[in-house]
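Peer 1: The structure follows.
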Amino acid sequence: MIGFGLAAVALFGLAPVVLGDFRLGLLAKYLCLAIVAVGIGLAWGRGGMLTLGQGVFFGLGGYAMAMHLKLTDAGPGQLPDFMQLYGQLDTLPWWWKPFASPAFALAATVLLPMLVALLLGLLIFRRRVRGAYFAILSQALCAALAIFLIGQQGTTGGTNGLTDIQGFFGYDLNDPLNRRTVYFVVAAALLAVLGIAWQLMRSRYGELLVAVRDGEERVRFLGYDPANVKLVAYVVAAGMAGLAGALFVPAVGIISPAMIGVVPSIEFVIGVAVGGRAGLVGPALGAIAVAWARTALSERLPSAWTYFEGLLFILPVVFLPGGLASLAVLLRRRTAKKEVAA
């Protein structure tokens with residue numbers, strides 16, 4: 001609880017004072033990625049499921065939000081600007097129409113990814129697909145979604161995606177004050193997600209999830225169905241990713257296939273690995289640190305920053321498997337050994 005309070009002070013008290021509008025907007029983007037990382041930490045760190053396809057759920061939440069905001073920007077009865085530009089449609093597609101409702105759009109940003117995860121999870125976990133096969137399958141689904149979105153230029157914006165988001169539920173995103181409000185919404189969402197993950201990890205279900213990770217057959221022998229246990233974590237992580245995608249749209253002003261494909265999904269996992277997948281705060285801090293490093297390196301070393309990003313993943317895996325969050329534990333162990341030796 002102390003760490004939760006410190007995080008709230010840093011996000012709501014310190015960051016808005018220290019950072020300017022531009023950097024605060026970047027932090028809002030990083031916090032969206034941290035929300036995804038918390039879900040991955042739950043599914044991978046606690047459940048042992050290497051989810052390399054969180055871009056699917058991030059994209060579903062992002063596109064659901066962006067579709068509503070584009071319809072709001074266009075006005076009643078009007079087509080979004082990109083549909084008029086490409087000239088392929090005369091009327092709004094039927095599957096766009098429900099997203100004109102704010103309530104439907106808000107619910108879809110979280111429930112749609114969770115529903116897709118539920119259907120996929122039932123197919124995957126019931127067939128006992130796990131390990132590398134699960135990782136490859138989840139990544140293939142992410143690539144398939146990106147390819148589909150690129151191919152539907154007239155209805156999804158194609159490669160460009162849904163861009164130039166101007167408003168967010170009546171607030172002009174060009175106003176710096178409103179953009180600060182978006183940051184506070186994202187920060188509050190991250191704290192809420194951390195609270196949910198903390199409760200799950202401390203509950204009996206959290207203990208059962210760890211047991212499935214460490215000994216699935218033993219759990220099955222005790223009368224529990226490991227498929228259902230993993231399914232819950234997978235669905236919850238998908239809902240968190242969908243929420244992150246929905247908040248990413250007003251924070252950045254764009255959603256495109258390039259942000260939800262294979263590479264972004266791997267980058268999500270890199271952040272969790274760097275921070276430490278076994279803990280709660282580690283995945284979030286790792287995601288923020290990797291995203292910040294990516295921005296800083298791309299500004300100073302635009303032609304070589306991807307190599308440094310690769311090192312950010314390799315070094316912790318080789319020399320610090322527990323991530324940065326395990327540094328404190330290692331230091332305590334070394335201190336205890338020195339005291340015993342003395």
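FYI, nothing fancy with the structure tokens labels: chains A, B, ... in order, residues from 1 per chain, ligands from 1 as they appear.
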Within 9 Å of segment 142-158 of chain A, counting only C-alpha atoms, which residues show up once you throw out same-chain ones fewer than 6 positions away? Write them as a PyMOL selection string, please.

Peer 2: chain A and resi 52-57+59+63+67+82-83+86-89+92-93+96+256-262+265

Peer 1: Which neighbours of Ala8 of chain A fall inside 12 Å, counting only C-alpha atoms, when residues of the same chain fewer than 2 positions from it are skipped, and could you give them as a PyMOL selection string?

Peer 2: chain A and resi 1-6+10-16+184+187-192+194-195

Peer 1: Among segment 46-294 of chain A, which residues carry a DSSP assignment of strand (DSSP E), reported as an MDAnalysis selection string?

Peer 2: chainID A and resid 167:168 171:172

Peer 1: Could you dump the residues just selected with N, CA, C and O atoms as a tab-separated table (two decimals), in the first residue's frame?

Peer 2:
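And here is the file that came out, result.tsv:
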chain	number	residue	atom	x	y	z
A	167	GLY	N	-11.25	15.34	-30.82
A	167	GLY	CA	-11.98	15.52	-29.57
A	167	GLY	C	-12.05	14.26	-28.75
A	167	GLY	O	-11.83	13.15	-29.25
A	168	PHE	N	-12.37	14.43	-27.47
A	168	PHE	CA	-12.50	13.30	-26.55
A	168	PHE	C	-13.69	13.56	-25.65
A	168	PHE	O	-13.61	14.29	-24.66
A	171	TYR	N	-14.35	17.27	-25.36
A	171	TYR	CA	-13.19	18.10	-25.03
A	171	TYR	C	-12.24	18.16	-26.22
A	171	TYR	O	-11.92	17.13	-26.83
A	172	ASP	N	-11.79	19.36	-26.53
A	172	ASP	CA	-10.89	19.58	-27.65
A	172	ASP	C	-9.48	19.14	-27.25
A	172	ASP	O	-8.88	19.70	-26.32

Peer 1: Between A:Ala43, A:Ile124, A:Leu327, A:Leu247, single out the one closest to Thr109 of chain A, counting only C-alpha atoms.

Peer 2: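 Comparing A:Ala43, A:Ile124, A:Leu327, A:Leu247 against Thr109 of chain A, the winner is A:Leu247.
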
Peer 1: Report, in Å to a single decimal, how far apart atom CA of Arg127 of chain A and atom CA of Pro226 of chain A are.

Peer 2: 11.3 Å

Peer 1: Which residues are close to Val186 of chain A, i.e. within 10 Å by only C-alpha atoms, leaving aside same-chain residues fewer than 3 positions away? Reply as an MDAnalysis selection string.

Peer 2: chainID A and resid 11 27:32 35 180:183 189:192 243:244 246:248 250:251

Peer 1: Which of these, A:Leu111, A:Leu162, A:Leu123, A:Val290, has the shortest distance to Ala237 of chain A once you count only C-alpha atoms?

Peer 2: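 Closest to Ala237 of chain A of all the choices is A:Leu111.
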